[in-house]
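Enquirer: The structure follows.
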Amino acid sequence: MKKALFILLVFIASLQMSLAQARWTVSMYSQHNFESFGKLPMANSEIDFNHIDYTLLNAAIFYATNRMRVRYNKKPFVYDANLEKAAVFHSNSMVKYDFFSHTGVENGYKSMMDRMRAFKVTGRSYAENIASTFGIQYRAGSSFRPPRGANTQFIDARTNKPIPVHTYLSFAVALVQQWMESPGHKQNILNSSYTKLGCGAAFYRDGSFSMPYFKCTQNFAG
């Protein structure tokens, strides 16, 4: 009986440790680069819109950005927790107050510089990218059928197949590619003057079909 209880306790401890290791923590930024992050099972797990791991999603955007930096022979960004807090705040604010702009609506946080000061970001130069993009692997303008009845997925009208939900990593890669296709956003990502980065995302649904979206922010400092 005692032996069985001991085995059970060891199993529970092992399970708890596995669950703890399956979650992204800030300390992990010092342990990974964009290559090793991309190999993590949790980075390649599908986003559950009812239980979003925002710390993991923000990390995925950070590493997808560094992946692009290295591709263009730029030094990778250093993670900055205060920049992430500013980015998270602005993304959440855009969702909460239903706007899309670098200019916020809350007193003390209206301009990018207001947010840099509020979250005690240090540096001599700053920039900000924002985006609103799909949580599923859908291309804007493509025909689709929305969820109906027992069907809970969006269907590609051309292939008649479900449109996949993004993984944490695939969402981040698609988001950064979207920014790279815009000259101003691309310039911020590749600007050698910026050395630090923090990213933040906030989920929402939009339109009569409740399409899943994220509003996202990148904050840079140098």
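Ordering of the structure tokens sets the chain letters (A, B, ...), residue numbers begin anew at 1 in every chain, and ligands are numbered from 1 in the order given.
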Quick one: pick out all strand (DSSP E or B) residues within region 40-134 of chain A from a backbone DSSP run and write them as an NGL selection string.
Expert: :A and (46 or 78-79 or 126-134)
Enquirer: Emit the selected residues as an mmCIF file, in the first residue's frame, including all heavy atoms.
Expert:
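And here's selection39.cif as it stands now:
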```cif
data_model
loop_
_atom_site.group_PDB
_atom_site.id
_atom_site.type_symbol
_atom_site.label_atom_id
_atom_site.label_comp_id
_atom_site.auth_asym_id
_atom_site.auth_seq_id
_atom_site.Cartn_x
_atom_site.Cartn_y
_atom_site.Cartn_z
ATOM 1 N N GLU A 46 -1.638 24.164 -31.512
ATOM 2 C CA GLU A 46 -2.725 24.974 -32.061
ATOM 3 C C GLU A 46 -3.271 25.920 -30.994
ATOM 4 O O GLU A 46 -3.409 25.542 -29.831
ATOM 5 C CB GLU A 46 -3.829 24.052 -32.562
ATOM 6 C CG GLU A 46 -4.907 24.730 -33.375
ATOM 7 C CD GLU A 46 -5.909 23.741 -33.922
ATOM 8 O OE1 GLU A 46 -5.673 23.205 -35.023
ATOM 9 O OE2 GLU A 46 -6.925 23.480 -33.238
ATOM 10 N N VAL A 78 16.952 42.006 -28.332
ATOM 11 C CA VAL A 78 16.980 41.540 -26.950
ATOM 12 C C VAL A 78 15.585 41.728 -26.366
ATOM 13 O O VAL A 78 14.954 42.771 -26.571
ATOM 14 C CB VAL A 78 18.023 42.329 -26.119
ATOM 15 C CG1 VAL A 78 17.954 41.934 -24.650
ATOM 16 C CG2 VAL A 78 19.427 42.118 -26.683
ATOM 17 N N TYR A 79 15.090 40.716 -25.664
ATOM 18 C CA TYR A 79 13.771 40.816 -25.050
ATOM 19 C C TYR A 79 13.767 41.856 -23.939
ATOM 20 O O TYR A 79 14.695 41.934 -23.131
ATOM 21 C CB TYR A 79 13.363 39.468 -24.465
ATOM 22 C CG TYR A 79 12.152 39.548 -23.563
ATOM 23 C CD1 TYR A 79 10.878 39.736 -24.084
ATOM 24 C CD2 TYR A 79 12.290 39.444 -22.174
ATOM 25 C CE1 TYR A 79 9.774 39.806 -23.259
ATOM 26 C CE2 TYR A 79 11.184 39.505 -21.343
ATOM 27 C CZ TYR A 79 9.934 39.701 -21.883
ATOM 28 O OH TYR A 79 8.841 39.777 -21.055
ATOM 29 N N TYR A 126 12.560 55.124 -30.145
ATOM 30 C CA TYR A 126 11.446 54.201 -29.977
ATOM 31 C C TYR A 126 10.636 54.102 -31.262
ATOM 32 O O TYR A 126 10.634 55.022 -32.081
ATOM 33 C CB TYR A 126 10.509 54.673 -28.852
ATOM 34 C CG TYR A 126 11.204 54.984 -27.550
ATOM 35 C CD1 TYR A 126 11.615 56.287 -27.262
ATOM 36 C CD2 TYR A 126 11.447 53.976 -26.624
ATOM 37 C CE1 TYR A 126 12.258 56.578 -26.070
ATOM 38 C CE2 TYR A 126 12.085 54.261 -25.430
ATOM 39 C CZ TYR A 126 12.491 55.553 -25.153
ATOM 40 O OH TYR A 126 13.139 55.841 -23.974
ATOM 41 N N ALA A 127 9.939 52.985 -31.413
ATOM 42 C CA ALA A 127 9.019 52.814 -32.548
ATOM 43 C C ALA A 127 7.954 51.799 -32.151
ATOM 44 O O ALA A 127 8.103 51.053 -31.175
ATOM 45 C CB ALA A 127 9.769 52.355 -33.793
ATOM 46 N N GLU A 128 6.879 51.776 -32.951
ATOM 47 C CA GLU A 128 5.761 50.886 -32.648
ATOM 48 C C GLU A 128 5.125 50.401 -33.942
ATOM 49 O O GLU A 128 4.891 51.173 -34.861
ATOM 50 C CB GLU A 128 4.730 51.644 -31.813
ATOM 51 C CG GLU A 128 3.535 50.812 -31.351
ATOM 52 C CD GLU A 128 2.636 51.626 -30.434
ATOM 53 O OE1 GLU A 128 1.843 52.447 -30.964
ATOM 54 O OE2 GLU A 128 2.748 51.455 -29.210
ATOM 55 N N ASN A 129 4.886 49.106 -34.018
ATOM 56 C CA ASN A 129 4.098 48.505 -35.096
ATOM 57 C C ASN A 129 2.809 47.967 -34.515
ATOM 58 O O ASN A 129 2.812 47.398 -33.421
ATOM 59 C CB ASN A 129 4.846 47.339 -35.760
ATOM 60 C CG ASN A 129 5.951 47.788 -36.703
ATOM 61 O OD1 ASN A 129 6.038 48.958 -37.071
ATOM 62 N ND2 ASN A 129 6.795 46.852 -37.098
ATOM 63 N N ILE A 130 1.706 48.121 -35.239
ATOM 64 C CA ILE A 130 0.444 47.511 -34.833
ATOM 65 C C ILE A 130 -0.154 46.773 -36.027
ATOM 66 O O ILE A 130 0.150 47.075 -37.180
ATOM 67 C CB ILE A 130 -0.567 48.537 -34.279
ATOM 68 C CG1 ILE A 130 -0.885 49.629 -35.321
ATOM 69 C CG2 ILE A 130 -0.059 49.157 -32.983
ATOM 70 C CD1 ILE A 130 -1.993 50.587 -34.884
ATOM 71 N N ALA A 131 -0.976 45.792 -35.736
ATOM 72 C CA ALA A 131 -1.638 45.023 -36.794
ATOM 73 C C ALA A 131 -2.892 44.379 -36.243
ATOM 74 O O ALA A 131 -3.016 44.145 -35.035
ATOM 75 C CB ALA A 131 -0.705 43.944 -37.342
ATOM 76 N N SER A 132 -3.821 44.095 -37.151
ATOM 77 C CA SER A 132 -4.992 43.296 -36.830
ATOM 78 C C SER A 132 -5.042 42.178 -37.861
ATOM 79 O O SER A 132 -5.057 42.445 -39.061
ATOM 80 C CB SER A 132 -6.265 44.147 -36.886
ATOM 81 O OG SER A 132 -7.408 43.354 -36.619
ATOM 82 N N THR A 133 -5.040 40.936 -37.398
ATOM 83 C CA THR A 133 -4.963 39.833 -38.356
ATOM 84 C C THR A 133 -5.697 38.603 -37.839
ATOM 85 O O THR A 133 -6.057 38.517 -36.668
ATOM 86 C CB THR A 133 -3.487 39.511 -38.670
ATOM 87 O OG1 THR A 133 -3.417 38.687 -39.829
ATOM 88 C CG2 THR A 133 -2.807 38.832 -37.496
ATOM 89 N N PHE A 134 -5.908 37.657 -38.735
ATOM 90 C CA PHE A 134 -6.749 36.495 -38.465
ATOM 91 C C PHE A 134 -6.086 35.484 -37.535
ATOM 92 O O PHE A 134 -4.887 35.246 -37.612
ATOM 93 C CB PHE A 134 -7.100 35.781 -39.775
ATOM 94 C CG PHE A 134 -7.749 36.665 -40.791
ATOM 95 C CD1 PHE A 134 -7.018 37.158 -41.863
ATOM 96 C CD2 PHE A 134 -9.084 37.019 -40.684
ATOM 97 C CE1 PHE A 134 -7.605 37.977 -42.811
ATOM 98 C CE2 PHE A 134 -9.684 37.842 -41.618
ATOM 99 C CZ PHE A 134 -8.940 38.327 -42.691
#
```
Enquirer: Would you kindly return, as an NGL selection string, each protein, DNA or RNA residue with an atom no farther than 7 Å from any atom of region 193-206 of chain A, considering only C-alpha atoms and excluding same-chain residues fewer than 6 positions away?
Expert: :A and (58 or 61-62 or 77-81 or 83-84 or 87-88 or 91-92 or 95 or 212-222)
Enquirer: Apply DSSP to the structure's backbone, then extract all residues of region 68-207 of chain A labelled helix (DSSP H, G or I) and return them as number ranges by chain.
Expert: A: 68-71, 81-96, 112-118, 168-180, 183-190
Enquirer: Write a file of the just-selected residues containing C-alpha atoms, as a PDB file, in the first residue's frame.
Expert:
```pdb
ATOM      1  CA  MET A  68      13.380  37.932 -39.945  1.00  0.00           C
ATOM      2  CA  ARG A  69      16.151  40.095 -38.488  1.00  0.00           C
ATOM      3  CA  VAL A  70      18.707  37.323 -38.925  1.00  0.00           C
ATOM      4  CA  ARG A  71      17.493  36.662 -42.472  1.00  0.00           C
ATOM      5  CA  ALA A  81       9.810  42.997 -20.309  1.00  0.00           C
ATOM      6  CA  ASN A  82       8.770  46.647 -20.020  1.00  0.00           C
ATOM      7  CA  LEU A  83       8.386  46.941 -23.797  1.00  0.00           C
ATOM      8  CA  GLU A  84       6.219  43.819 -23.692  1.00  0.00           C
ATOM      9  CA  LYS A  85       4.045  45.361 -20.959  1.00  0.00           C
ATOM     10  CA  ALA A  86       3.556  48.483 -23.096  1.00  0.00           C
ATOM     11  CA  ALA A  87       2.711  46.359 -26.143  1.00  0.00           C
ATOM     12  CA  VAL A  88       0.270  44.177 -24.211  1.00  0.00           C
ATOM     13  CA  PHE A  89      -1.429  47.244 -22.768  1.00  0.00           C
ATOM     14  CA  HIS A  90      -1.933  48.862 -26.172  1.00  0.00           C
ATOM     15  CA  SER A  91      -3.239  45.692 -27.830  1.00  0.00           C
ATOM     16  CA  ASN A  92      -5.700  45.106 -24.990  1.00  0.00           C
ATOM     17  CA  SER A  93      -6.773  48.745 -25.094  1.00  0.00           C
ATOM     18  CA  MET A  94      -7.422  48.570 -28.857  1.00  0.00           C
ATOM     19  CA  VAL A  95      -9.658  45.546 -28.306  1.00  0.00           C
ATOM     20  CA  LYS A  96     -11.403  46.907 -25.218  1.00  0.00           C
ATOM     21  CA  MET A 112       3.486  55.826 -27.756  1.00  0.00           C
ATOM     22  CA  MET A 113       5.773  57.978 -25.625  1.00  0.00           C
ATOM     23  CA  ASP A 114       3.121  58.129 -22.897  1.00  0.00           C
ATOM     24  CA  ARG A 115       3.171  54.345 -22.827  1.00  0.00           C
ATOM     25  CA  MET A 116       6.983  54.189 -22.847  1.00  0.00           C
ATOM     26  CA  ARG A 117       7.063  56.462 -19.791  1.00  0.00           C
ATOM     27  CA  ALA A 118       4.204  54.678 -18.029  1.00  0.00           C
ATOM     28  CA  TYR A 168       1.379  29.906 -31.966  1.00  0.00           C
ATOM     29  CA  LEU A 169       4.357  29.848 -34.299  1.00  0.00           C
ATOM     30  CA  SER A 170       2.467  29.897 -37.612  1.00  0.00           C
ATOM     31  CA  PHE A 171       0.408  32.867 -36.408  1.00  0.00           C
ATOM     32  CA  ALA A 172       3.545  34.788 -35.460  1.00  0.00           C
ATOM     33  CA  VAL A 173       5.277  34.019 -38.761  1.00  0.00           C
ATOM     34  CA  ALA A 174       2.220  35.150 -40.750  1.00  0.00           C
ATOM     35  CA  LEU A 175       1.907  38.309 -38.646  1.00  0.00           C
ATOM     36  CA  VAL A 176       5.559  39.313 -39.107  1.00  0.00           C
ATOM     37  CA  GLN A 177       5.292  38.621 -42.837  1.00  0.00           C
ATOM     38  CA  GLN A 178       2.297  40.964 -42.947  1.00  0.00           C
ATOM     39  CA  TRP A 179       4.391  43.689 -41.318  1.00  0.00           C
ATOM     40  CA  MET A 180       7.284  43.000 -43.702  1.00  0.00           C
ATOM     41  CA  PRO A 183       7.483  49.544 -45.935  1.00  0.00           C
ATOM     42  CA  GLY A 184       7.115  51.496 -42.687  1.00  0.00           C
ATOM     43  CA  HIS A 185       6.643  48.427 -40.506  1.00  0.00           C
ATOM     44  CA  LYS A 186       9.474  46.631 -42.287  1.00  0.00           C
ATOM     45  CA  GLN A 187      11.763  49.586 -41.629  1.00  0.00           C
ATOM     46  CA  ASN A 188      11.075  49.369 -37.891  1.00  0.00           C
ATOM     47  CA  ILE A 189      11.759  45.621 -37.809  1.00  0.00           C
ATOM     48  CA  LEU A 190      15.068  45.957 -39.660  1.00  0.00           C
TER      49      LEU A 190
END
```
